[in-house]
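Enquirer: Handing over coords_17.pdb, PDB, C-alpha atoms, pLDDT in the B column.
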```pdb
ATOM      1  CA  VAL G   1     -40.376 142.130 -16.333  1.00 91.00           C
ATOM      2  CA  ARG G   2     -37.168 140.106 -16.634  1.00 94.00           C
ATOM      3  CA  LEU G   3     -34.476 141.690 -14.484  1.00 95.00           C
ATOM      4  CA  MET G   4     -31.091 140.193 -15.328  1.00 95.00           C
ATOM      5  CA  VAL G   5     -28.383 140.807 -12.739  1.00 95.00           C
ATOM      6  CA  VAL G   6     -24.978 140.448 -14.403  1.00 94.00           C
ATOM      7  CA  GLY G   7     -21.345 141.253 -13.661  1.00 90.00           C
ATOM      8  CA  MET G   8     -18.124 139.628 -12.561  1.00 88.00           C
ATOM      9  CA  GLY G   9     -17.973 137.087  -9.764  1.00 85.00           C
ATOM     10  CA  LEU G  10     -18.067 138.140  -6.126  1.00 83.00           C
ATOM     11  CA  VAL G  11     -19.222 141.694  -6.761  1.00 87.00           C
ATOM     12  CA  GLY G  12     -22.439 141.296  -4.765  1.00 87.00           C
ATOM     13  CA  LYS G  13     -25.101 140.366  -7.335  1.00 90.00           C
ATOM     14  CA  THR G  14     -26.849 137.822  -5.107  1.00 88.00           C
ATOM     15  CA  SER G  15     -26.565 140.122  -2.091  1.00 88.00           C
ATOM     16  CA  LEU G  16     -28.164 142.898  -4.148  1.00 89.00           C
ATOM     17  CA  VAL G  17     -31.036 140.608  -5.149  1.00 89.00           C
ATOM     18  CA  ARG G  18     -31.589 139.471  -1.560  1.00 88.00           C
ATOM     19  CA  ALA G  19     -31.472 143.061  -0.290  1.00 89.00           C
ATOM     20  CA  LEU G  20     -34.075 144.121  -2.871  1.00 88.00           C
ATOM     21  CA  GLN G  21     -36.342 141.308  -1.735  1.00 88.00           C
ATOM     22  CA  SER G  22     -35.877 141.887   2.000  1.00 85.00           C
ATOM     23  CA  GLN G  23     -38.085 144.011   4.193  1.00 79.00           C
ATOM     24  CA  ASN G  24     -35.134 146.064   5.484  1.00 77.00           C
ATOM     25  CA  ASP G  25     -33.104 146.413   2.234  1.00 75.00           C
ATOM     26  CA  HIS G  26     -30.289 144.409   3.801  1.00 72.00           C
ATOM     27  CA  CYS G  27     -28.615 141.071   3.171  1.00 74.00           C
ATOM     28  CA  ASP G  28     -26.312 139.143   5.454  1.00 73.00           C
ATOM     29  CA  ALA G  29     -23.027 137.822   4.099  1.00 73.00           C
ATOM     30  CA  ILE G  30     -23.397 134.950   1.666  1.00 73.00           C
ATOM     31  CA  GLU G  31     -21.516 131.774   2.480  1.00 74.00           C
ATOM     32  CA  GLU G  32     -19.269 130.303  -0.188  1.00 70.00           C
ATOM     33  CA  ASP G  33     -21.538 127.262  -0.555  1.00 71.00           C
ATOM     34  CA  ASP G  34     -24.512 129.549  -1.266  1.00 73.00           C
ATOM     35  CA  ARG G  35     -22.942 131.376  -4.215  1.00 75.00           C
ATOM     36  CA  THR G  36     -24.837 131.292  -7.475  1.00 81.00           C
ATOM     37  CA  ILE G  37     -24.167 128.438  -9.856  1.00 81.00           C
ATOM     38  CA  GLY G  38     -25.389 129.089 -13.392  1.00 79.00           C
ATOM     39  CA  ILE G  39     -28.508 131.242 -13.116  1.00 85.00           C
ATOM     40  CA  ASP G  40     -30.840 131.540 -10.146  1.00 88.00           C
ATOM     41  CA  ILE G  41     -34.356 132.607 -11.173  1.00 92.00           C
ATOM     42  CA  GLN G  42     -36.775 134.117  -8.654  1.00 93.00           C
ATOM     43  CA  ARG G  43     -39.979 136.129  -8.703  1.00 93.00           C
ATOM     44  CA  TRP G  44     -40.151 139.426  -6.852  1.00 92.00           C
ATOM     45  CA  ARG G  45     -43.034 141.776  -6.294  1.00 90.00           C
ATOM     46  CA  PRO G  46     -41.784 145.105  -4.860  1.00 89.00           C
ATOM     47  CA  SER G  47     -45.223 145.826  -3.446  1.00 86.00           C
ATOM     48  CA  PRO G  48     -47.249 142.864  -2.139  1.00 82.00           C
ATOM     49  CA  ASN G  49     -50.488 144.259  -3.561  1.00 86.00           C
ATOM     50  CA  GLY G  50     -48.943 145.773  -6.690  1.00 84.00           C
ATOM     51  CA  GLN G  51     -49.178 144.465 -10.224  1.00 89.00           C
ATOM     52  CA  LEU G  52     -45.498 144.934 -11.040  1.00 92.00           C
ATOM     53  CA  GLU G  53     -43.622 141.651 -10.863  1.00 93.00           C
ATOM     54  CA  PHE G  54     -40.012 140.931 -11.717  1.00 94.00           C
ATOM     55  CA  ASN G  55     -38.497 137.648 -12.788  1.00 95.00           C
ATOM     56  CA  ILE G  56     -34.999 138.109 -11.426  1.00 95.00           C
ATOM     57  CA  TRP G  57     -32.270 136.185 -13.221  1.00 93.00           C
ATOM     58  CA  ASP G  58     -29.246 136.253 -10.925  1.00 91.00           C
ATOM     59  CA  CYS G  59     -26.367 135.239 -13.216  1.00 90.00           C
ATOM     60  CA  ALA G  60     -23.263 133.653 -11.714  1.00 89.00           C
ATOM     61  CA  GLY G  61     -20.232 135.832 -12.378  1.00 84.00           C
ATOM     62  CA  GLN G  62     -17.484 133.271 -12.873  1.00 79.00           C
ATOM     63  CA  LYS G  63     -15.926 133.531 -16.329  1.00 78.00           C
ATOM     64  CA  VAL G  64     -16.898 129.964 -17.204  1.00 77.00           C
ATOM     65  CA  TYR G  65     -20.560 131.072 -17.308  1.00 76.00           C
ATOM     66  CA  ASN G  66     -20.149 134.274 -19.349  1.00 76.00           C
ATOM     67  CA  ALA G  67     -20.422 132.520 -22.705  1.00 78.00           C
ATOM     68  CA  THR G  68     -23.638 130.709 -21.781  1.00 80.00           C
ATOM     69  CA  HIS G  69     -25.437 133.615 -20.093  1.00 82.00           C
ATOM     70  CA  GLN G  70     -25.572 135.445 -23.418  1.00 83.00           C
ATOM     71  CA  PHE G  71     -28.082 132.926 -24.764  1.00 83.00           C
ATOM     72  CA  PHE G  72     -30.617 134.037 -22.163  1.00 88.00           C
ATOM     73  CA  PHE G  73     -30.336 137.774 -22.871  1.00 91.00           C
ATOM     74  CA  SER G  74     -33.565 139.211 -24.213  1.00 91.00           C
ATOM     75  CA  ARG G  75     -34.842 142.526 -25.547  1.00 92.00           C
ATOM     76  CA  ARG G  76     -37.602 142.294 -22.977  1.00 92.00           C
ATOM     77  CA  SER G  77     -35.058 142.408 -20.154  1.00 95.00           C
ATOM     78  CA  VAL G  78     -33.685 145.133 -17.955  1.00 96.00           C
ATOM     79  CA  PHE G  79     -30.046 144.500 -17.064  1.00 96.00           C
ATOM     80  CA  LEU G  80     -28.411 145.431 -13.763  1.00 95.00           C
ATOM     81  CA  LEU G  81     -24.689 145.476 -14.552  1.00 94.00           C
ATOM     82  CA  THR G  82     -22.903 145.378 -11.211  1.00 92.00           C
ATOM     83  CA  TRP G  83     -19.342 146.154 -10.239  1.00 88.00           C
ATOM     84  CA  CYS G  84     -17.639 146.381  -6.888  1.00 87.00           C
ATOM     85  CA  LEU G  85     -16.232 149.732  -5.780  1.00 85.00           C
ATOM     86  CA  SER G  86     -14.156 148.332  -2.931  1.00 77.00           C
ATOM     87  CA  GLU G  87     -12.236 145.622  -4.809  1.00 65.00           C
ATOM     88  CA  ASN G  88      -9.027 146.733  -6.518  1.00 63.00           C
ATOM     89  CA  GLU G  89      -9.922 150.369  -7.011  1.00 61.00           C
ATOM     90  CA  GLY G  90     -10.308 151.254 -10.667  1.00 60.00           C
ATOM     91  CA  GLU G  91     -10.068 147.673 -11.884  1.00 64.00           C
ATOM     92  CA  ALA G  92     -13.555 147.526 -13.397  1.00 61.00           C
ATOM     93  CA  VAL G  93     -12.831 150.490 -15.656  1.00 68.00           C
ATOM     94  CA  ASP G  94      -9.052 150.150 -16.083  1.00 59.00           C
ATOM     95  CA  GLU G  95      -9.135 146.506 -17.123  1.00 63.00           C
ATOM     96  CA  GLY G  96     -12.138 146.991 -19.359  1.00 80.00           C
ATOM     97  CA  VAL G  97     -14.473 144.717 -17.398  1.00 82.00           C
ATOM     98  CA  LEU G  98     -17.423 147.116 -17.642  1.00 86.00           C
ATOM     99  CA  ARG G  99     -16.601 147.835 -21.272  1.00 88.00           C
ATOM    100  CA  GLN G 100     -16.632 144.121 -22.073  1.00 87.00           C
ATOM    101  CA  TRP G 101     -20.005 143.671 -20.415  1.00 88.00           C
ATOM    102  CA  LEU G 102     -21.509 146.752 -22.063  1.00 90.00           C
ATOM    103  CA  ASP G 103     -20.192 145.664 -25.477  1.00 89.00           C
ATOM    104  CA  MET G 104     -21.503 142.125 -25.016  1.00 89.00           C
ATOM    105  CA  LEU G 105     -24.930 143.374 -23.953  1.00 91.00           C
ATOM    106  CA  GLN G 106     -25.195 145.747 -26.918  1.00 89.00           C
ATOM    107  CA  LEU G 107     -23.971 143.070 -29.313  1.00 89.00           C
ATOM    108  CA  ARG G 108     -26.500 140.491 -28.097  1.00 91.00           C
ATOM    109  CA  VAL G 109     -29.335 142.937 -27.366  1.00 93.00           C
ATOM    110  CA  PRO G 110     -28.978 146.122 -29.408  1.00 89.00           C
ATOM    111  CA  GLY G 111     -30.442 149.003 -27.433  1.00 88.00           C
ATOM    112  CA  ALA G 112     -30.376 147.003 -24.208  1.00 92.00           C
ATOM    113  CA  ARG G 113     -31.645 148.808 -21.115  1.00 94.00           C
ATOM    114  CA  VAL G 114     -28.723 148.698 -18.722  1.00 94.00           C
ATOM    115  CA  LEU G 115     -28.561 150.116 -15.214  1.00 94.00           C
ATOM    116  CA  LEU G 116     -25.066 150.332 -13.769  1.00 93.00           C
ATOM    117  CA  VAL G 117     -24.962 149.398 -10.087  1.00 93.00           C
ATOM    118  CA  ALA G 118     -21.909 150.015  -7.914  1.00 90.00           C
ATOM    119  CA  THR G 119     -21.786 147.658  -4.948  1.00 89.00           C
ATOM    120  CA  HIS G 120     -19.906 147.993  -1.671  1.00 88.00           C
ATOM    121  CA  ALA G 121     -20.018 151.790  -1.919  1.00 88.00           C
ATOM    122  CA  ASP G 122     -20.147 151.958   1.859  1.00 87.00           C
ATOM    123  CA  LEU G 123     -16.664 150.402   2.095  1.00 88.00           C
ATOM    124  CA  VAL G 124     -14.787 153.153   0.250  1.00 89.00           C
ATOM    125  CA  SER G 125     -14.185 156.815   0.904  1.00 90.00           C
ATOM    126  CA  LYS G 126     -16.297 159.481  -0.749  1.00 92.00           C
ATOM    127  CA  GLU G 127     -13.256 160.541  -2.795  1.00 91.00           C
ATOM    128  CA  THR G 128     -12.735 157.015  -4.111  1.00 88.00           C
ATOM    129  CA  ARG G 129     -16.430 156.615  -4.826  1.00 89.00           C
ATOM    130  CA  ASP G 130     -16.566 159.910  -6.718  1.00 91.00           C
ATOM    131  CA  LYS G 131     -13.412 159.055  -8.674  1.00 89.00           C
ATOM    132  CA  GLU G 132     -14.719 155.622  -9.687  1.00 88.00           C
ATOM    133  CA  ILE G 133     -18.134 156.926 -10.670  1.00 88.00           C
ATOM    134  CA  ALA G 134     -16.540 159.714 -12.733  1.00 90.00           C
ATOM    135  CA  ALA G 135     -14.431 157.090 -14.538  1.00 88.00           C
ATOM    136  CA  VAL G 136     -17.531 155.028 -15.308  1.00 89.00           C
ATOM    137  CA  LYS G 137     -19.393 158.098 -16.565  1.00 91.00           C
ATOM    138  CA  ALA G 138     -16.449 158.892 -18.856  1.00 91.00           C
ATOM    139  CA  LEU G 139     -16.427 155.309 -20.109  1.00 89.00           C
ATOM    140  CA  VAL G 140     -20.139 155.366 -20.913  1.00 89.00           C
ATOM    141  CA  ALA G 141     -19.805 158.768 -22.630  1.00 91.00           C
ATOM    142  CA  SER G 142     -16.925 157.389 -24.725  1.00 90.00           C
ATOM    143  CA  ILE G 143     -18.940 154.326 -25.751  1.00 87.00           C
ATOM    144  CA  LEU G 144     -21.942 156.460 -26.695  1.00 86.00           C
ATOM    145  CA  ALA G 145     -19.743 158.808 -28.736  1.00 89.00           C
ATOM    146  CA  GLN G 146     -18.202 155.853 -30.595  1.00 87.00           C
ATOM    147  CA  GLN G 147     -21.624 154.398 -31.329  1.00 83.00           C
ATOM    148  CA  ARG G 148     -22.883 157.772 -32.536  1.00 84.00           C
ATOM    149  CA  GLU G 149     -19.856 158.124 -34.853  1.00 89.00           C
ATOM    150  CA  ALA G 150     -20.439 154.630 -36.237  1.00 83.00           C
ATOM    151  CA  VAL G 151     -24.086 155.438 -36.994  1.00 82.00           C
ATOM    152  CA  PHE G 152     -23.142 158.703 -38.748  1.00 86.00           C
ATOM    153  CA  ALA G 153     -20.478 156.898 -40.789  1.00 87.00           C
ATOM    154  CA  GLN G 154     -23.034 154.325 -41.911  1.00 85.00           C
ATOM    155  CA  LEU G 155     -25.549 157.036 -42.780  1.00 87.00           C
ATOM    156  CA  GLN G 156     -22.970 158.833 -44.927  1.00 89.00           C
ATOM    157  CA  GLN G 157     -22.433 155.678 -46.935  1.00 88.00           C
ATOM    158  CA  LEU G 158     -26.118 155.549 -47.907  1.00 83.00           C
TER     159      LEU G 158
END
```
Translate the structure described by the file into structure tokens.

Expert:
Amino acid sequence: VRLMVVGMGLVGKTSLVRALQSQNDHCDAIEEDDRTIGIDIQRWRPSPNGQLEFNIWDCAGQKVYNATHQFFFSRRSVFLLTWCLSENEGEAVDEGVLRQWLDMLQLRVPGARVLLVATHADLVSKETRDKEIAAVKALVASILAQQREAVFAQLQQL
């Protein structure tokens, strides 16, 4: 299974990947020189004796790479769209960052399987976490409603 980890820069994509692969679900801080450049591809087997294997594509988050990452998106992928809860509260939703990523994924891979992952949740209060997650839920509901309306409009034209 191709697991594509996408999102803006410095939100914790590589840390998430390393934590998934570790024995204790933890990752130490990543040094600036170790940040992802382009795409880092790794294999991961959640269970050593299991048959399930992921090809993890850890996509660098700097804007310069966003245009090129799209060429590697595939229908056979599962996308982990990450955003940071502790950085500039509300920025991911307010500035449309998540919306841009969700739109790009649906444009390139209609019906893409996207899991939204909030990082750094341990660095914010429960109230902030709940507020941010509610905003993301509202955003996703709005996008789904717009898509549903577009489909019905197209069906009426038939």

Enquirer: In Å, rounded to a single decimal, give me how far CA of Ser77 (chain G) is from CA of Glu53 (chain G).

Expert: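 The value is 12.7 Å.
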
Enquirer: List, as an MDAnalysis selection string, every residue that the PyMOL selection byres ((chain G and resi 85) around 7) selects in the file provided.

Expert: chainID G and resid 83:84 86:87 89 118:121 129

Enquirer: Convert the current residue selection to file output with C-alpha atoms, as a JSON list (two decimals), in the coordinates of the input.

Expert:
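As written to disk, selection08.json reads:
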```
[["chain", "number", "residue", "atom", "x", "y", "z"],
["G", 83, "TRP", "CA", -19.34, 146.15, -10.24],
["G", 84, "CYS", "CA", -17.64, 146.38, -6.89],
["G", 86, "SER", "CA", -14.16, 148.33, -2.93],
["G", 87, "GLU", "CA", -12.24, 145.62, -4.81],
["G", 89, "GLU", "CA", -9.92, 150.37, -7.01],
["G", 118, "ALA", "CA", -21.91, 150.01, -7.91],
["G", 119, "THR", "CA", -21.79, 147.66, -4.95],
["G", 120, "HIS", "CA", -19.91, 147.99, -1.67],
["G", 121, "ALA", "CA", -20.02, 151.79, -1.92],
["G", 129, "ARG", "CA", -16.43, 156.62, -4.83]]
```

Enquirer: Which polymer residues, protein or nucleic acid, are no farther than 7 Å from (-21.4, 142.3, -8.2), counting only C-alpha atoms, as a short mmCIF file (atom, residue, chain, number, x, y, z; two decimals) with C-alpha atoms, keeping the file's coordinate frame?

Expert:
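See selection.cif below for the written result:
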```cif
data_model
loop_
_atom_site.label_atom_id
_atom_site.label_comp_id
_atom_site.auth_asym_id
_atom_site.auth_seq_id
_atom_site.Cartn_x
_atom_site.Cartn_y
_atom_site.Cartn_z
CA GLY G 7 -21.34 141.25 -13.66
CA MET G 8 -18.12 139.63 -12.56
CA GLY G 9 -17.97 137.09 -9.76
CA LEU G 10 -18.07 138.14 -6.13
CA VAL G 11 -19.22 141.69 -6.76
CA GLY G 12 -22.44 141.30 -4.76
CA LYS G 13 -25.10 140.37 -7.34
CA THR G 82 -22.90 145.38 -11.21
CA TRP G 83 -19.34 146.15 -10.24
CA CYS G 84 -17.64 146.38 -6.89
CA THR G 119 -21.79 147.66 -4.95
#
```

Enquirer: Just to confirm, what's the straight-line distance from CA of Thr14 (chain G) to CA of Gly61 (chain G) in Å (one decimal)?

Expert: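 Here the two named atoms are 10.0 Å from each other.
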
Enquirer: Could you list, as a list in words, every residue matched by the PyMOL selection byres ((chain G and resi 70) around 10) in this structure?

Expert: Tyr65, Asn66, Ala67, Thr68, His69, Phe71, Phe72, Phe73, Ser74, Met104, Leu105, Leu107, Arg108 and Val109 of chain G

Enquirer: Could you list, as a PDB file with C-alpha atoms, keeping the file's coordinate frame, every residue within 12 Å of region 140-149 of chain G, counting all atoms listed in the file and ignoring same-chain residues fewer than 2 positions away?

Expert:
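File produced: part04.pdb:
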```pdb
ATOM      1  CA  VAL G  93     -12.831 150.490 -15.656  1.00 68.00           C
ATOM      2  CA  GLY G  96     -12.138 146.991 -19.359  1.00 80.00           C
ATOM      3  CA  LEU G  98     -17.423 147.116 -17.642  1.00 86.00           C
ATOM      4  CA  ARG G  99     -16.601 147.835 -21.272  1.00 88.00           C
ATOM      5  CA  GLN G 100     -16.632 144.121 -22.073  1.00 87.00           C
ATOM      6  CA  TRP G 101     -20.005 143.671 -20.415  1.00 88.00           C
ATOM      7  CA  LEU G 102     -21.509 146.752 -22.063  1.00 90.00           C
ATOM      8  CA  ASP G 103     -20.192 145.664 -25.477  1.00 89.00           C
ATOM      9  CA  GLN G 106     -25.195 145.747 -26.918  1.00 89.00           C
ATOM     10  CA  LEU G 107     -23.971 143.070 -29.313  1.00 89.00           C
ATOM     11  CA  PRO G 110     -28.978 146.122 -29.408  1.00 89.00           C
ATOM     12  CA  GLY G 111     -30.442 149.003 -27.433  1.00 88.00           C
ATOM     13  CA  VAL G 114     -28.723 148.698 -18.722  1.00 94.00           C
ATOM     14  CA  LEU G 115     -28.561 150.116 -15.214  1.00 94.00           C
ATOM     15  CA  LEU G 116     -25.066 150.332 -13.769  1.00 93.00           C
ATOM     16  CA  ILE G 133     -18.134 156.926 -10.670  1.00 88.00           C
ATOM     17  CA  ALA G 134     -16.540 159.714 -12.733  1.00 90.00           C
ATOM     18  CA  ALA G 135     -14.431 157.090 -14.538  1.00 88.00           C
ATOM     19  CA  VAL G 136     -17.531 155.028 -15.308  1.00 89.00           C
ATOM     20  CA  LYS G 137     -19.393 158.098 -16.565  1.00 91.00           C
ATOM     21  CA  ALA G 138     -16.449 158.892 -18.856  1.00 91.00           C
ATOM     22  CA  VAL G 151     -24.086 155.438 -36.994  1.00 82.00           C
ATOM     23  CA  PHE G 152     -23.142 158.703 -38.748  1.00 86.00           C
ATOM     24  CA  ALA G 153     -20.478 156.898 -40.789  1.00 87.00           C
ATOM     25  CA  GLN G 154     -23.034 154.325 -41.911  1.00 85.00           C
ATOM     26  CA  LEU G 155     -25.549 157.036 -42.780  1.00 87.00           C
ATOM     27  CA  GLN G 156     -22.970 158.833 -44.927  1.00 89.00           C
TER      28      GLN G 156
END
```

Enquirer: Might I get the box with edges along x, y and z of the file that holds all atoms of region 37-52 of chain G listed there, padded by 6 Å on every side, given as centre and edge lengths in Å to one decimal, as JSON?

Expert:
```
{"center_x": -37.3, "center_y": 137.1, "center_z": -7.8, "size_x": 38.3, "size_y": 29.4, "size_z": 23.3}
```

Enquirer: Give me, please, the distance in Å between CA of Gln21 (chain G) and CA of Asp122 (chain G), quoted to one decimal.

Expert: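 Computing the Euclidean distance for CA of Gln21 (chain G) and CA of Asp122 (chain G) yields 19.7 Å.
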
Enquirer: Under the PyMOL selection byres ((chain G and resi 55) around 9), which residues of this model are included? Write them out as a short mmCIF file (atom, residue, chain, number, x, y, z; two decimals) with C-alpha atoms, in the coordinates of the input.

Expert:
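Here's the written file selection.cif:
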```
data_model
loop_
_atom_site.label_atom_id
_atom_site.label_comp_id
_atom_site.auth_asym_id
_atom_site.auth_seq_id
_atom_site.Cartn_x
_atom_site.Cartn_y
_atom_site.Cartn_z
CA VAL G 1 -40.38 142.13 -16.33
CA ARG G 2 -37.17 140.11 -16.63
CA LEU G 3 -34.48 141.69 -14.48
CA MET G 4 -31.09 140.19 -15.33
CA ILE G 41 -34.36 132.61 -11.17
CA GLN G 42 -36.78 134.12 -8.65
CA ARG G 43 -39.98 136.13 -8.70
CA TRP G 44 -40.15 139.43 -6.85
CA ARG G 45 -43.03 141.78 -6.29
CA GLU G 53 -43.62 141.65 -10.86
CA PHE G 54 -40.01 140.93 -11.72
CA ILE G 56 -35.00 138.11 -11.43
CA TRP G 57 -32.27 136.18 -13.22
#
```

Enquirer: Under the rule that all atoms listed in the file are counted, which of G:Ser125, G:Gln157, G:Ser22, G:Gln62 is the nearest residue to Ile39 (chain G)?

Expert: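 Checking each of G:Ser125, G:Gln157, G:Ser22, G:Gln62 against Ile39 (chain G), counting all atoms listed in the file, the winner is G:Gln62.
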
Enquirer: N, CA and C atoms are needed for region 43-66 of chain G; please write them out as a PDB file, in the coordinates of the input.

Expert:
```
ATOM      1  N   ARG G  43     -38.963 135.093  -8.491  1.00 93.00           N
ATOM      2  CA  ARG G  43     -39.979 136.129  -8.703  1.00 93.00           C
ATOM      3  C   ARG G  43     -39.907 137.120  -7.544  1.00 93.00           C
ATOM      4  N   TRP G  44     -40.163 138.386  -7.881  1.00 92.00           N
ATOM      5  CA  TRP G  44     -40.151 139.426  -6.852  1.00 92.00           C
ATOM      6  C   TRP G  44     -41.212 140.460  -7.180  1.00 92.00           C
ATOM      7  N   ARG G  45     -42.013 140.740  -6.195  1.00 90.00           N
ATOM      8  CA  ARG G  45     -43.034 141.776  -6.294  1.00 90.00           C
ATOM      9  C   ARG G  45     -42.668 142.864  -5.299  1.00 90.00           C
ATOM     10  N   PRO G  46     -42.205 144.039  -5.781  1.00 89.00           N
ATOM     11  CA  PRO G  46     -41.784 145.105  -4.860  1.00 89.00           C
ATOM     12  C   PRO G  46     -42.871 145.514  -3.873  1.00 89.00           C
ATOM     13  N   SER G  47     -44.099 145.493  -4.318  1.00 86.00           N
ATOM     14  CA  SER G  47     -45.223 145.826  -3.446  1.00 86.00           C
ATOM     15  C   SER G  47     -46.151 144.609  -3.410  1.00 86.00           C
ATOM     16  N   PRO G  48     -46.444 144.082  -2.227  1.00 82.00           N
ATOM     17  CA  PRO G  48     -47.249 142.864  -2.139  1.00 82.00           C
ATOM     18  C   PRO G  48     -48.580 142.934  -2.873  1.00 82.00           C
ATOM     19  N   ASN G  49     -49.185 144.106  -2.903  1.00 86.00           N
ATOM     20  CA  ASN G  49     -50.488 144.259  -3.561  1.00 86.00           C
ATOM     21  C   ASN G  49     -50.370 144.852  -4.961  1.00 86.00           C
ATOM     22  N   GLY G  50     -49.137 145.151  -5.390  1.00 84.00           N
ATOM     23  CA  GLY G  50     -48.943 145.773  -6.690  1.00 84.00           C
ATOM     24  C   GLY G  50     -48.984 144.780  -7.837  1.00 84.00           C
ATOM     25  N   GLN G  51     -49.136 145.309  -9.037  1.00 89.00           N
ATOM     26  CA  GLN G  51     -49.178 144.465 -10.224  1.00 89.00           C
ATOM     27  C   GLN G  51     -47.802 144.232 -10.828  1.00 89.00           C
ATOM     28  N   LEU G  52     -46.840 145.076 -10.483  1.00 92.00           N
ATOM     29  CA  LEU G  52     -45.498 144.934 -11.040  1.00 92.00           C
ATOM     30  C   LEU G  52     -44.807 143.718 -10.436  1.00 92.00           C
ATOM     31  N   GLU G  53     -44.330 142.840 -11.319  1.00 93.00           N
ATOM     32  CA  GLU G  53     -43.622 141.651 -10.863  1.00 93.00           C
ATOM     33  C   GLU G  53     -42.369 141.468 -11.707  1.00 93.00           C
ATOM     34  N   PHE G  54     -41.278 141.173 -11.038  1.00 94.00           N
ATOM     35  CA  PHE G  54     -40.012 140.931 -11.717  1.00 94.00           C
ATOM     36  C   PHE G  54     -39.684 139.448 -11.669  1.00 94.00           C
ATOM     37  N   ASN G  55     -39.154 138.941 -12.767  1.00 95.00           N
ATOM     38  CA  ASN G  55     -38.497 137.648 -12.788  1.00 95.00           C
ATOM     39  C   ASN G  55     -37.016 137.973 -12.750  1.00 95.00           C
ATOM     40  N   ILE G  56     -36.404 137.758 -11.595  1.00 95.00           N
ATOM     41  CA  ILE G  56     -34.999 138.109 -11.426  1.00 95.00           C
ATOM     42  C   ILE G  56     -34.135 136.931 -11.848  1.00 95.00           C
ATOM     43  N   TRP G  57     -33.232 137.183 -12.775  1.00 93.00           N
ATOM     44  CA  TRP G  57     -32.270 136.185 -13.221  1.00 93.00           C
ATOM     45  C   TRP G  57     -30.920 136.611 -12.659  1.00 93.00           C
ATOM     46  N   ASP G  58     -30.514 135.966 -11.597  1.00 91.00           N
ATOM     47  CA  ASP G  58     -29.246 136.253 -10.925  1.00 91.00           C
ATOM     48  C   ASP G  58     -28.184 135.371 -11.585  1.00 91.00           C
ATOM     49  N   CYS G  59     -27.352 135.978 -12.415  1.00 90.00           N
ATOM     50  CA  CYS G  59     -26.367 135.239 -13.216  1.00 90.00           C
ATOM     51  C   CYS G  59     -25.045 135.113 -12.470  1.00 90.00           C
ATOM     52  N   ALA G  60     -24.560 133.882 -12.351  1.00 89.00           N
ATOM     53  CA  ALA G  60     -23.263 133.653 -11.714  1.00 89.00           C
ATOM     54  C   ALA G  60     -22.199 134.438 -12.478  1.00 89.00           C
ATOM     55  N   GLY G  61     -21.210 134.944 -11.760  1.00 84.00           N
ATOM     56  CA  GLY G  61     -20.232 135.832 -12.378  1.00 84.00           C
ATOM     57  C   GLY G  61     -18.923 135.185 -12.786  1.00 84.00           C
ATOM     58  N   GLN G  62     -18.739 133.911 -12.491  1.00 79.00           N
ATOM     59  CA  GLN G  62     -17.484 133.271 -12.873  1.00 79.00           C
ATOM     60  C   GLN G  62     -17.369 133.236 -14.397  1.00 79.00           C
ATOM     61  N   LYS G  63     -16.152 133.417 -14.885  1.00 78.00           N
ATOM     62  CA  LYS G  63     -15.926 133.531 -16.329  1.00 78.00           C
ATOM     63  C   LYS G  63     -16.449 132.339 -17.115  1.00 78.00           C
ATOM     64  N   VAL G  64     -16.451 131.161 -16.503  1.00 77.00           N
ATOM     65  CA  VAL G  64     -16.898 129.964 -17.204  1.00 77.00           C
ATOM     66  C   VAL G  64     -18.359 130.091 -17.656  1.00 77.00           C
ATOM     67  N   TYR G  65     -19.145 130.919 -16.967  1.00 76.00           N
ATOM     68  CA  TYR G  65     -20.560 131.072 -17.308  1.00 76.00           C
ATOM     69  C   TYR G  65     -20.828 132.197 -18.309  1.00 76.00           C
ATOM     70  N   ASN G  66     -19.887 133.103 -18.506  1.00 76.00           N
ATOM     71  CA  ASN G  66     -20.149 134.274 -19.349  1.00 76.00           C
ATOM     72  C   ASN G  66     -20.633 133.911 -20.747  1.00 76.00           C
TER      73      ASN G  66
END
```
